$ cat entry_36.csv   # CSV, C-alpha atoms and all ligand atoms
chain,number,residue,atom,x,y,z
M,244,MET,CA,-4.7,-9.6,-21.6
M,245,ARG,CA,-5.5,-5.9,-22.1
M,246,ILE,CA,-4.9,-4.2,-18.7
M,247,GLY,CA,-5.3,-0.5,-17.8
M,248,PHE,CA,-3.3,0.9,-14.8
M,249,ILE,CA,-3.9,4.1,-12.8
M,250,GLY,CA,-1.4,5.4,-10.2
M,251,LEU,CA,2.2,5.0,-11.0
M,252,GLY,CA,4.0,6.0,-7.8
M,253,ILE,CA,6.4,4.0,-5.5
M,254,MET,CA,4.3,0.9,-5.7
M,255,GLY,CA,2.3,1.3,-8.9
M,256,ARG,CA,5.2,1.9,-11.2
M,257,PRO,CA,7.1,-1.4,-10.5
M,258,MET,CA,3.7,-3.3,-10.4
M,259,ALA,CA,2.8,-2.0,-13.9
M,260,LEU,CA,6.3,-2.8,-15.2
M,261,ASN,CA,5.8,-6.4,-14.0
M,262,LEU,CA,2.6,-6.6,-15.9
M,263,LEU,CA,4.4,-5.5,-19.1
M,264,ARG,CA,7.2,-8.1,-18.4
M,265,GLY,CA,4.4,-10.7,-18.0
M,266,GLY,CA,3.5,-10.1,-21.6
M,267,HIS,CA,0.2,-8.2,-21.0
M,268,GLN,CA,-0.9,-5.3,-23.2
M,269,LEU,CA,-0.7,-2.3,-20.8
M,270,MET,CA,-2.3,1.1,-21.1
M,271,VAL,CA,-1.6,3.6,-18.3
M,272,TRP,CA,-2.9,6.9,-17.0
M,273,ALA,CA,-1.4,9.2,-14.4
M,274,ARG,CA,-2.4,12.8,-13.5
M,275,ARG,CA,1.2,13.9,-13.8
M,276,ALA,CA,3.0,13.3,-17.1
M,277,GLU,CA,6.3,12.6,-15.4
M,278,SER,CA,4.7,9.7,-13.5
M,279,MET,CA,3.5,8.2,-16.8
M,280,GLN,CA,6.8,8.6,-18.8
M,281,PRO,CA,8.8,5.6,-17.4
M,282,LEU,CA,5.9,3.3,-18.4
M,283,LEU,CA,5.6,4.8,-21.9
M,284,ASP,CA,9.4,4.3,-22.3
M,285,ALA,CA,9.0,0.7,-21.3
M,286,GLY,CA,6.3,0.0,-24.0
M,287,ALA,CA,3.0,0.9,-22.4
M,288,THR,CA,0.5,3.2,-24.2
M,289,GLY,CA,-0.9,6.3,-22.6
M,290,ALA,CA,-4.5,7.3,-22.1
M,291,ALA,CA,-6.0,10.8,-21.7
M,292,ASN,CA,-8.1,9.8,-18.7
M,293,PRO,CA,-9.5,6.8,-16.7
M,294,ALA,CA,-12.6,6.5,-18.9
M,295,GLU,CA,-10.4,6.0,-22.0
M,296,LEU,CA,-8.6,3.2,-20.2
M,297,ALA,CA,-11.9,1.6,-19.2
M,298,GLU,CA,-13.1,1.6,-22.8
M,299,GLN,CA,-10.2,-0.6,-23.9
M,300,ALA,CA,-9.2,-2.7,-20.9
M,301,GLU,CA,-10.4,-6.1,-19.8
M,302,VAL,CA,-9.0,-5.5,-16.3
M,303,LEU,CA,-8.5,-2.1,-14.9
M,304,ILE,CA,-6.2,-1.6,-11.9
M,305,SER,CA,-5.8,1.5,-9.6
M,306,MET,CA,-3.0,2.0,-7.1
M,307,VAL,CA,-3.5,5.5,-5.8
M,308,ALA,CA,-3.6,6.8,-2.2
M,309,ASP,CA,-6.9,6.9,-0.2
M,310,ALA,CA,-10.6,6.3,-0.7
M,311,PRO,CA,-11.4,9.8,-2.1
M,312,ASP,CA,-8.7,9.2,-4.8
M,313,VAL,CA,-10.2,5.8,-5.7
M,314,GLU,CA,-13.7,7.3,-5.8
M,315,GLN,CA,-12.3,10.1,-8.1
M,316,VAL,CA,-10.7,7.8,-10.6
M,317,MET,CA,-13.5,5.2,-10.6
M,318,LEU,CA,-16.6,7.3,-10.2
M,319,GLY,CA,-15.6,10.9,-10.9
M,320,GLU,CA,-15.6,13.0,-14.1
M,321,ASN,CA,-14.0,11.0,-16.9
M,322,GLY,CA,-13.8,8.2,-14.4
M,323,VAL,CA,-13.9,4.4,-15.1
M,324,ALA,CA,-17.7,4.2,-14.6
M,325,SER,CA,-18.4,7.0,-17.1
M,326,ALA,CA,-17.1,4.8,-19.9
M,327,GLY,CA,-20.2,2.5,-19.6
M,328,ARG,CA,-18.3,-0.7,-20.2
M,329,THR,CA,-20.3,-3.5,-18.8
M,330,GLY,CA,-18.3,-6.7,-18.0
M,331,LEU,CA,-15.2,-4.8,-17.1
M,332,VAL,CA,-13.3,-6.0,-13.9
M,333,ALA,CA,-12.0,-3.0,-11.9
M,334,VAL,CA,-9.4,-3.8,-9.2
M,335,ASP,CA,-8.3,-1.3,-6.6
M,336,MET,CA,-5.0,-2.3,-4.9
M,337,SER,CA,-4.6,0.9,-2.8
M,338,THR,CA,-5.2,0.6,1.0
M,339,ILE,CA,-8.6,2.2,1.9
M,340,ARG,CA,-11.4,1.6,4.4
M,341,PRO,CA,-13.3,-1.7,4.0
M,342,ALA,CA,-16.6,0.2,4.1
M,343,ALA,CA,-15.4,2.6,1.3
M,344,ALA,CA,-14.4,-0.4,-0.8
M,345,ARG,CA,-17.9,-1.9,-0.4
M,346,GLY,CA,-19.5,1.4,-1.3
M,347,ILE,CA,-17.4,1.7,-4.5
M,348,ALA,CA,-18.2,-1.9,-5.4
M,349,SER,CA,-21.9,-1.4,-5.2
M,350,ARG,CA,-21.8,1.9,-7.2
M,351,LEU,CA,-19.7,0.3,-9.9
M,352,GLN,CA,-22.0,-2.7,-9.9
M,353,ALA,CA,-24.9,-0.3,-10.9
M,354,SER,CA,-22.8,0.4,-14.0
M,355,GLY,CA,-22.3,-3.3,-14.8
M,356,ILE,CA,-18.7,-3.2,-13.6
M,357,ASP,CA,-17.4,-5.9,-11.2
M,358,PHE,CA,-15.1,-4.6,-8.5
M,359,LEU,CA,-12.3,-6.3,-6.4
M,360,ASP,CA,-10.5,-4.8,-3.5
M,361,ALA,CA,-7.0,-6.2,-3.6
M,362,PRO,CA,-4.6,-4.4,-1.3
M,363,VAL,CA,-1.0,-5.6,-1.0
M,364,SER,CA,1.8,-6.1,1.5
M,365,GLY,CA,5.5,-6.5,0.8
M,366,GLY,CA,6.5,-2.9,0.2
M,367,GLU,CA,8.5,-1.4,-2.6
M,368,VAL,CA,10.9,-4.4,-2.5
M,369,GLY,CA,8.0,-6.8,-3.1
M,370,ALA,CA,6.5,-4.6,-5.8
M,371,VAL,CA,9.8,-4.6,-7.7
M,372,ALA,CA,10.4,-8.3,-7.2
M,373,GLY,CA,6.8,-9.3,-8.1
M,374,THR,CA,6.5,-11.0,-4.7
M,375,LEU,CA,3.7,-9.0,-3.1
M,376,SER,CA,1.1,-10.6,-0.8
M,377,ILE,CA,-2.3,-9.8,-2.4
M,378,MET,CA,-5.5,-9.9,-0.3
M,379,VAL,CA,-8.6,-10.0,-2.4
M,380,GLY,CA,-12.3,-9.3,-1.7
M,381,GLY,CA,-15.1,-9.7,-4.3
M,382,SER,CA,-16.7,-12.3,-6.5
M,383,THR,CA,-15.0,-15.5,-7.5
M,384,ALA,CA,-15.7,-14.8,-11.2
M,385,ALA,CA,-13.9,-11.4,-11.0
M,386,PHE,CA,-11.0,-13.0,-9.0
M,387,ASP,CA,-10.6,-15.6,-11.7
M,388,THR,CA,-10.5,-13.0,-14.5
M,389,ALA,CA,-7.9,-10.9,-12.6
M,390,ARG,CA,-5.8,-13.8,-11.5
M,391,PRO,CA,-3.3,-13.7,-14.4
M,392,ALA,CA,-2.6,-10.0,-13.6
M,393,PHE,CA,-2.1,-10.8,-9.9
M,394,ALA,CA,0.3,-13.6,-10.8
M,395,CYS,CA,2.7,-11.1,-12.4
M,396,MET,CA,2.7,-8.8,-9.3
M,397,GLY,CA,2.5,-11.2,-6.3
M,398,ARG,CA,3.3,-14.6,-5.0
M,399,ASN,CA,0.9,-15.1,-2.1
M,400,ILE,CA,-2.5,-14.4,-3.6
M,401,VAL,CA,-5.5,-15.0,-1.3
M,402,HIS,CA,-9.1,-14.6,-2.2
M,403,VAL,CA,-10.1,-13.7,1.4
M,404,GLY,CA,-13.9,-13.3,0.9
M,405,ASP,CA,-16.6,-11.0,-0.3
M,406,SER,CA,-16.3,-7.3,-1.2
M,407,GLY,CA,-14.3,-5.5,1.5
M,408,ALA,CA,-12.6,-8.6,2.9
M,409,GLY,CA,-9.3,-7.8,1.2
M,410,GLN,CA,-9.3,-4.4,2.9
M,411,VAL,CA,-10.1,-6.0,6.3
M,412,ALA,CA,-7.1,-8.4,5.8
M,413,LYS,CA,-4.9,-5.4,5.0
M,414,ALA,CA,-6.1,-3.4,8.1
M,415,ALA,CA,-5.1,-6.5,10.1
M,416,ASN,CA,-1.8,-6.5,8.3
M,417,GLN,CA,-1.3,-2.8,9.3
M,418,ILE,CA,-1.9,-3.6,12.9
M,419,VAL,CA,0.9,-6.1,12.9
M,420,THR,CA,3.3,-4.0,10.8
M,421,GLY,CA,2.5,-0.7,12.6
M,422,VAL,CA,2.9,-2.1,16.1
M,423,GLY,CA,5.9,-4.1,14.8
M,424,VAL,CA,7.8,-1.1,13.4
M,425,LEU,CA,7.2,0.8,16.7
M,426,THR,CA,8.4,-2.2,18.7
M,427,VAL,CA,11.6,-2.6,16.8
M,428,ALA,CA,12.3,1.1,17.0
M,429,GLU,CA,11.7,1.0,20.8
M,430,ALA,CA,14.1,-2.0,21.2
M,431,LEU,CA,16.9,-0.5,19.2
M,432,ASN,CA,16.5,2.9,20.9
M,433,PHE,CA,16.5,1.1,24.3
M,434,ALA,CA,19.8,-0.7,23.4
M,435,ALA,CA,21.5,2.5,22.2
M,436,ARG,CA,20.5,4.5,25.2
M,437,SER,CA,21.7,1.7,27.5
M,438,GLY,CA,25.1,2.1,26.0
M,439,VAL,CA,25.1,-1.1,24.0
M,440,ASP,CA,25.6,-1.4,20.2
M,441,PRO,CA,22.1,-1.7,18.7
M,442,ALA,CA,23.5,-3.5,15.6
M,443,ARG,CA,24.9,-6.3,17.9
M,444,VAL,CA,21.5,-6.4,19.8
M,445,ARG,CA,19.6,-6.8,16.5
M,446,GLU,CA,22.0,-9.6,15.4
M,447,ALA,CA,21.5,-11.4,18.7
M,448,LEU,CA,17.7,-11.0,18.6
M,449,LEU,CA,17.4,-12.3,15.0
M,450,GLY,CA,18.3,-15.8,16.1
M,451,GLY,CA,15.5,-16.1,18.8
M,452,PHE,CA,11.8,-15.6,19.3
M,453,ALA,CA,12.1,-11.9,18.6
M,454,TYR,CA,12.9,-12.6,15.0
M,455,SER,CA,10.6,-10.9,12.5
M,456,LYS,CA,11.0,-9.6,8.9
M,457,ILE,CA,10.4,-6.1,10.4
M,458,LEU,CA,13.4,-6.6,12.8
M,459,GLU,CA,15.5,-7.9,9.9
M,460,ASN,CA,14.7,-5.4,7.1
M,461,HIS,CA,13.4,-2.3,8.9
M,462,GLY,CA,15.8,-2.8,11.8
M,463,GLN,CA,18.7,-2.7,9.4
M,464,ARG,CA,17.4,0.4,7.7
M,465,MET,CA,17.0,2.1,11.1
M,466,LEU,CA,20.6,1.2,11.9
M,467,ASP,CA,21.6,2.7,8.5
M,468,ARG,CA,19.4,5.7,9.2
M,469,ASN,CA,18.0,5.3,5.7
M,470,PHE,CA,14.7,7.2,6.1
M,471,LYS,CA,14.0,7.5,2.3
M,472,PRO,CA,10.5,6.1,1.5
M,473,GLY,CA,9.6,3.2,0.9
M,474,PHE,CA,6.4,3.6,2.8
M,475,LYS,CA,5.6,7.2,3.7
M,476,SER,CA,4.7,7.9,7.3
M,477,TRP,CA,1.6,9.8,6.4
M,478,MET,CA,0.4,6.6,4.5
M,479,HIS,CA,0.9,4.6,7.7
M,480,GLN,CA,-1.0,7.3,9.6
M,481,LYS,CA,-3.8,6.8,7.1
M,482,ASP,CA,-3.8,3.1,7.6
M,483,MET,CA,-3.8,3.3,11.4
M,484,ASN,CA,-6.7,5.7,11.0
M,485,ILE,CA,-8.6,3.0,8.9
M,486,VAL,CA,-7.9,0.5,11.7
M,487,MET,CA,-9.1,2.8,14.5
M,488,GLN,CA,-12.2,4.0,12.5
M,489,SER,CA,-13.2,0.3,12.0
M,490,ALA,CA,-12.5,-0.4,15.7
M,491,HIS,CA,-14.8,2.5,16.6
M,492,GLU,CA,-17.6,1.3,14.4
M,493,LEU,CA,-17.3,-2.3,15.8
M,494,GLY,CA,-16.8,-1.2,19.4
M,495,LEU,CA,-13.5,-3.0,19.5
M,496,CYS,CA,-10.6,-2.6,22.0
M,497,LEU,CA,-7.3,-2.3,20.1
M,498,PRO,CA,-4.9,-0.8,22.7
M,499,LEU,CA,-1.7,-1.4,20.8
M,500,ALA,CA,-3.0,-0.2,17.5
M,501,ALA,CA,-4.4,2.9,19.3
M,502,ALA,CA,-1.0,3.8,20.8
M,503,THR,CA,0.7,3.2,17.5
M,504,ALA,CA,-1.9,5.4,15.7
M,505,GLN,CA,-1.0,8.2,18.1
M,506,MET,CA,2.7,7.9,17.3
M,507,PHE,CA,2.0,8.2,13.6
M,508,ASN,CA,-0.2,11.3,14.3
M,509,ALA,CA,2.8,12.7,16.1
M,510,MET,CA,5.1,11.8,13.2
M,511,VAL,CA,3.0,13.8,10.8
M,512,GLY,CA,2.8,16.7,13.3
M,513,SER,CA,6.6,16.7,13.7
M,514,GLY,CA,7.2,17.1,10.0
M,515,LEU,CA,8.2,13.5,9.4
M,516,GLY,CA,5.2,12.6,7.2
M,517,GLU,CA,7.1,12.3,4.0
M,518,GLU,CA,9.8,10.2,5.5
M,519,ASP,CA,9.6,6.4,5.6
M,520,SER,CA,7.6,4.9,8.5
M,521,ILE,CA,10.9,3.7,10.1
M,522,ALA,CA,11.5,7.4,11.0
M,523,ILE,CA,9.3,6.5,14.0
M,524,LEU,CA,12.8,5.8,15.5
M,525,LYS,CA,13.6,9.6,15.2
M,526,LEU,CA,10.4,10.5,17.1
M,527,LEU,CA,11.2,8.1,19.9
M,528,GLU,CA,14.7,9.5,20.1
M,529,ARG,CA,13.3,13.0,20.4
M,530,LEU,CA,10.8,11.9,23.1
M,531,SER,CA,13.7,10.3,25.0
M,532,GLY,CA,15.8,13.5,25.1
M,533,GLY,CA,18.0,12.5,22.1
M,534,GLU,CA,18.5,14.4,18.9
M,535,GLY,CA,16.3,12.4,16.6
R,601,LIG,P1,2.8,7.1,-3.9
R,601,LIG,O1,4.2,6.9,-4.3
R,601,LIG,O2,2.4,8.5,-3.3
R,601,LIG,O3,1.9,6.9,-5.3
R,601,LIG,C1,0.6,7.2,-5.3
R,601,LIG,C2,0.3,7.4,-6.8
R,601,LIG,O4,-1.1,7.6,-6.9
R,601,LIG,C3,0.9,8.7,-7.3
R,601,LIG,O5,1.6,8.4,-8.5
R,601,LIG,C4,-0.2,9.7,-7.5
R,601,LIG,O6,-0.1,10.4,-8.7
R,601,LIG,C5,-1.4,8.7,-7.7
R,601,LIG,N1,-2.6,9.4,-7.2
R,601,LIG,C6,-2.9,9.7,-5.9
R,601,LIG,N2,-4.2,10.3,-5.8
R,601,LIG,C7,-4.6,10.3,-7.1
R,601,LIG,C8,-5.8,10.9,-7.7
R,601,LIG,N3,-6.8,11.4,-7.0
R,601,LIG,N4,-5.9,10.8,-9.0
R,601,LIG,C9,-4.9,10.2,-9.8
R,601,LIG,N5,-3.8,9.7,-9.3
R,601,LIG,C10,-3.6,9.8,-8.0
R,601,LIG,O7,2.2,6.0,-2.9
R,601,LIG,P2,2.6,4.4,-2.8
R,601,LIG,O8,3.6,4.2,-1.8
R,601,LIG,O9,2.8,3.9,-4.2
R,601,LIG,O10,1.2,3.9,-2.2
R,601,LIG,C11,0.0,3.7,-3.1
R,601,LIG,C12,-1.0,2.8,-2.2
R,601,LIG,O11,-0.4,1.6,-1.9
R,601,LIG,C13,-1.5,3.5,-0.9
R,601,LIG,O12,-2.8,3.2,-0.7
R,601,LIG,C14,-0.6,2.8,0.1
R,601,LIG,O13,-1.2,2.8,1.4
R,601,LIG,C15,-0.5,1.4,-0.5
R,601,LIG,N6,0.7,0.6,-0.1
R,601,LIG,C16,2.0,1.2,-0.1
R,601,LIG,C17,3.1,0.4,0.3
R,601,LIG,C18,4.5,1.0,0.3
R,601,LIG,O14,5.4,0.4,0.9
R,601,LIG,N7,4.8,2.1,-0.3
R,601,LIG,C19,2.9,-0.9,0.6
R,601,LIG,C20,1.6,-1.5,0.6
R,601,LIG,C21,0.6,-0.7,0.2
R,601,LIG,P3,1.0,11.5,-9.1
R,601,LIG,O15,2.2,10.7,-9.5
R,601,LIG,O16,0.4,12.3,-10.2
R,601,LIG,O17,1.2,12.3,-7.8
$ encode --input "entry_36.csv" --output "structure tokens"
Amino acid sequence: MRIGFIGLGIMGRPMALNLLRGGHQLMVWARRAESMQPLLDAGATGAANPAELAEQAEVLISMVADAPDVEQVMLGENGVASAGRTGLVAVDMSTIRPAAARGIASRLQASGIDFLDAPVSGGEVGAVAGTLSIMVGGSTAAFDTARPAFACMGRNIVHVGDSGAGQVAKAANQIVTGVGVLTVAEALNFAARSGVDPARVREALLGGFAYSKILENHGQRMLDRNFKPGFKSWMHQKDMNIVMQSAHELGLCLPLAAATAQMFNAMVGSGLGEEDSIAILKLLERLSGGEG
């Protein structure tokens, strides 16, 4: 299949590489030449802008940052819509607000382009291994067209519902992972400040009801003090903001998500925004009188 890919960062680069490995014909565009180069070296062809990708691709994928970025590449100058390719399936795999995804879908629909929101979970490790969880919103016909591409990038691929449903699932995912990473950091900081080896505490907890992938993977990285992203803290702040905005619109009480969102605000305010979200441990240490 001819696939166009936009956004070749921590997640997009390995996802695009897996599409090449899957035997697809890949064409890429990135705003910075150095982001595009590793894909060109691996056998992809480069385009001058998103419109040029849209002219040639059957499926076009974006993996950028937030809603304004998706709007820019899909609907802006030299964007996907400006190519006028009816029948194209455009898939955004970034994490953005469900309402923004629905808006982009209806504006693309006016240009004859079918749009799927298909955010992912599984992190850089899952992107490299091709084992992401992919949560899809949009029409069944578009989902069926994009499925061979999804199969190269992910293992658990769920068509959740209509347009925006994938982003609702991802926001729910970020409630669990955001609260989860804060919880694990609290537990390990509690152990350390109680004078007990947090590595031994983690080991003990892994065998019981406190087990989680977050305790296993992120907990180990906290112990190693490996704060290299991964998943940047400002991205998790963005995601908690998506959750809280939706909660506000719906009149929902989300007390744990609200507290977690405040912690991610404080991370960005403390200069930790470019570090991995597990650096929330450092913030807790500082708030508890430690060095952080
Ligand atoms: P990243 O490393 O910062 O990569 C984002 C890429 O998007 C960059 O290569 C950037 O281009 C490009 N980009 C951003 N805005 C753009 C615009 N307006 N026009 C053109 N290109 C643009 O971020 P990431 O970690 O891969 O995350 C990407 C998305 O996946 C985000 O929505 C994030 O929330 C989501 N996500 C991330 C993870 C994770 O663990 N990292 C997990 C699940 C979901 P340049 O290279 O030119 O700067």
$ residues_around --input "entry_36.csv" --residues "segment 352-369 of chain M" --least-positions-apart "2" --cutoff "6 Å" --atoms "all atoms listed in the file" --output "MDAnalysis selection string"
chainID M and resid 254 329:338 348:350 371:381 409 473
$ closest_atom_pairs --input "entry_36.csv" --of "chain M" --to "ligand LIG 601 (chain R)" --cutoff "9 Å" --atoms "only C-alpha atoms and all ligand atoms" --output "JSON lines"
{"residue": "M:Ile249", "atom": "CA", "partner": "R:LIG601", "partner_atom": "N5", "distance": 6.6}
{"residue": "M:Gly250", "atom": "CA", "partner": "R:LIG601", "partner_atom": "O4", "distance": 4.0}
{"residue": "M:Leu251", "atom": "CA", "partner": "R:LIG601", "partner_atom": "O5", "distance": 4.3}
{"residue": "M:Gly252", "atom": "CA", "partner": "R:LIG601", "partner_atom": "O3", "distance": 3.4}
{"residue": "M:Ile253", "atom": "CA", "partner": "R:LIG601", "partner_atom": "O9", "distance": 3.8}
{"residue": "M:Met254", "atom": "CA", "partner": "R:LIG601", "partner_atom": "O9", "distance": 3.7}
{"residue": "M:Gly255", "atom": "CA", "partner": "R:LIG601", "partner_atom": "O9", "distance": 5.4}
{"residue": "M:Arg256", "atom": "CA", "partner": "R:LIG601", "partner_atom": "O9", "distance": 7.7}
{"residue": "M:Trp272", "atom": "CA", "partner": "R:LIG601", "partner_atom": "C9", "distance": 8.2}
{"residue": "M:Ala273", "atom": "CA", "partner": "R:LIG601", "partner_atom": "O16", "distance": 5.5}
{"residue": "M:Arg274", "atom": "CA", "partner": "R:LIG601", "partner_atom": "O16", "distance": 4.4}
{"residue": "M:Arg275", "atom": "CA", "partner": "R:LIG601", "partner_atom": "O16", "distance": 4.0}
{"residue": "M:Ala276", "atom": "CA", "partner": "R:LIG601", "partner_atom": "O16", "distance": 7.4}
{"residue": "M:Glu277", "atom": "CA", "partner": "R:LIG601", "partner_atom": "O15", "distance": 7.4}
{"residue": "M:Ser278", "atom": "CA", "partner": "R:LIG601", "partner_atom": "O15", "distance": 4.8}
{"residue": "M:Met279", "atom": "CA", "partner": "R:LIG601", "partner_atom": "O15", "distance": 7.8}
{"residue": "M:Pro293", "atom": "CA", "partner": "R:LIG601", "partner_atom": "C9", "distance": 9.0}
{"residue": "M:Ser305", "atom": "CA", "partner": "R:LIG601", "partner_atom": "O4", "distance": 8.2}
{"residue": "M:Met306", "atom": "CA", "partner": "R:LIG601", "partner_atom": "C11", "distance": 5.3}
{"residue": "M:Val307", "atom": "CA", "partner": "R:LIG601", "partner_atom": "O4", "distance": 3.4}
{"residue": "M:Ala308", "atom": "CA", "partner": "R:LIG601", "partner_atom": "O12", "distance": 4.0}
{"residue": "M:Asp309", "atom": "CA", "partner": "R:LIG601", "partner_atom": "O12", "distance": 5.5}
{"residue": "M:Ala310", "atom": "CA", "partner": "R:LIG601", "partner_atom": "O12", "distance": 8.4}
{"residue": "M:Pro311", "atom": "CA", "partner": "R:LIG601", "partner_atom": "N3", "distance": 6.9}
{"residue": "M:Asp312", "atom": "CA", "partner": "R:LIG601", "partner_atom": "N3", "distance": 3.6}
{"residue": "M:Val313", "atom": "CA", "partner": "R:LIG601", "partner_atom": "N3", "distance": 6.7}
{"residue": "M:Glu314", "atom": "CA", "partner": "R:LIG601", "partner_atom": "N3", "distance": 8.1}
{"residue": "M:Gln315", "atom": "CA", "partner": "R:LIG601", "partner_atom": "N3", "distance": 5.8}
{"residue": "M:Val316", "atom": "CA", "partner": "R:LIG601", "partner_atom": "N4", "distance": 5.9}
{"residue": "M:Met336", "atom": "CA", "partner": "R:LIG601", "partner_atom": "O11", "distance": 6.7}
{"residue": "M:Ser337", "atom": "CA", "partner": "R:LIG601", "partner_atom": "O12", "distance": 3.6}
{"residue": "M:Thr338", "atom": "CA", "partner": "R:LIG601", "partner_atom": "O12", "distance": 3.9}
{"residue": "M:Ile339", "atom": "CA", "partner": "R:LIG601", "partner_atom": "O12", "distance": 6.4}
{"residue": "M:Pro362", "atom": "CA", "partner": "R:LIG601", "partner_atom": "C21", "distance": 6.6}
{"residue": "M:Val363", "atom": "CA", "partner": "R:LIG601", "partner_atom": "C20", "distance": 5.1}
{"residue": "M:Ser364", "atom": "CA", "partner": "R:LIG601", "partner_atom": "C20", "distance": 4.7}
{"residue": "M:Gly365", "atom": "CA", "partner": "R:LIG601", "partner_atom": "C19", "distance": 6.2}
{"residue": "M:Gly366", "atom": "CA", "partner": "R:LIG601", "partner_atom": "O14", "distance": 3.5}
{"residue": "M:Glu367", "atom": "CA", "partner": "R:LIG601", "partner_atom": "O14", "distance": 5.0}
{"residue": "M:Val368", "atom": "CA", "partner": "R:LIG601", "partner_atom": "O14", "distance": 8.1}
{"residue": "M:Gly369", "atom": "CA", "partner": "R:LIG601", "partner_atom": "C19", "distance": 8.6}
{"residue": "M:Ala370", "atom": "CA", "partner": "R:LIG601", "partner_atom": "C19", "distance": 8.2}
{"residue": "M:Leu375", "atom": "CA", "partner": "R:LIG601", "partner_atom": "C20", "distance": 8.6}
{"residue": "M:Lys413", "atom": "CA", "partner": "R:LIG601", "partner_atom": "C21", "distance": 8.7}
{"residue": "M:Pro472", "atom": "CA", "partner": "R:LIG601", "partner_atom": "N7", "distance": 7.2}
{"residue": "M:Gly473", "atom": "CA", "partner": "R:LIG601", "partner_atom": "O14", "distance": 5.0}
{"residue": "M:Phe474", "atom": "CA", "partner": "R:LIG601", "partner_atom": "N7", "distance": 3.8}
{"residue": "M:Lys475", "atom": "CA", "partner": "R:LIG601", "partner_atom": "N7", "distance": 6.5}
{"residue": "M:Met478", "atom": "CA", "partner": "R:LIG601", "partner_atom": "O13", "distance": 5.2}
{"residue": "M:His479", "atom": "CA", "partner": "R:LIG601", "partner_atom": "O13", "distance": 6.9}
{"residue": "M:Lys481", "atom": "CA", "partner": "R:LIG601", "partner_atom": "O13", "distance": 7.4}
{"residue": "M:Asp482", "atom": "CA", "partner": "R:LIG601", "partner_atom": "O13", "distance": 6.7}
{"residue": "M:Asp519", "atom": "CA", "partner": "R:LIG601", "partner_atom": "O14", "distance": 8.7}
$ closest_residue --input "entry_36.csv" --among "M:Glu534, M:Glu320, M:Glu459, M:Asp405" --to "Val427 of chain M" --atoms "all atoms listed in the file"
M:Glu459
$ atom_distance --input "entry_36.csv" --atom1 "atom CA of Gly346 of chain M" --atom2 "atom CA of Ala294 of chain M"
19.6 Å
$ closest_residue --input "entry_36.csv" --among "M:Gln268, M:Ser382, M:Ser325, M:Ser489" --to "Gln410 of chain M" --atoms "only C-alpha atoms"
M:Ser489
$ residues_around --input "entry_36.csv" --residues "Gly289 of chain M" --least-positions-apart "4" --cutoff "7 Å" --atoms "all atoms listed in the file" --output "PyMOL selection string"
chain M and resi 270-272+283
$ closest_residue --input "entry_36.csv" --among "M:Val419, M:Ala291, M:Ala394, M:Val401" --to "Ser455 of chain M" --atoms "only C-alpha atoms"
M:Val419
$ residues_around --input "entry_36.csv" --residues "Gly247 of chain M" --least-positions-apart "2" --cutoff "8 Å" --atoms "all atoms listed in the file" --output "MDAnalysis selection string"
chainID M and resid 245 249 269:272 296:297 299:304
$ atom_distance --input "entry_36.csv" --atom1 "atom CA of Val511 of chain M" --atom2 "atom CA of Ile523 of chain M"
10.2 Å
$ residues_near_point --input "entry_36.csv" --point "(17.3, 2.7, 21.4)" --cutoff "12 Å" --atoms "only C-alpha atoms" --output "PyMOL selection string"
chain M and resi 425-442+444-445+462+465-466+523-533+535
$ closest_residue --input "entry_36.csv" --among "M:Gly421, M:Pro391, M:Gly327, M:Gly404" --to "Phe507 of chain M" --atoms "only C-alpha atoms"
M:Gly421
$ atom_distance --input "entry_36.csv" --atom1 "atom CA of Gln463 of chain M" --atom2 "atom CA of Val422 of chain M"
17.2 Å
$ closest_residue --input "entry_36.csv" --among "M:Ala522, M:Val403, M:Met244, M:Ala490" --to "Met506 of chain M" --atoms "only C-alpha atoms"
M:Ala522
$ closest_residue --input "entry_36.csv" --among "M:Ala389, M:Leu282, M:His491, M:Ser406" --to "Ala344 of chain M" --atoms "all atoms listed in the file"
M:Ser406
$ residues_around --input "entry_36.csv" --residues "Gln488 of chain M" --least-positions-apart "6" --cutoff "12 Å" --atoms "only C-alpha atoms" --output "NGL selection string"
:M and (339-343 or 411 or 414 or 481-482 or 494-497 or 500-501 or 504)
$ residues_around --input "entry_36.csv" --residues "Val424 of chain M" --least-positions-apart "6" --cutoff "8 Å" --atoms "all atoms listed in the file" --output "JSON, numbers by chain"
{"M": [457, 458, 461, 520, 521, 523]}
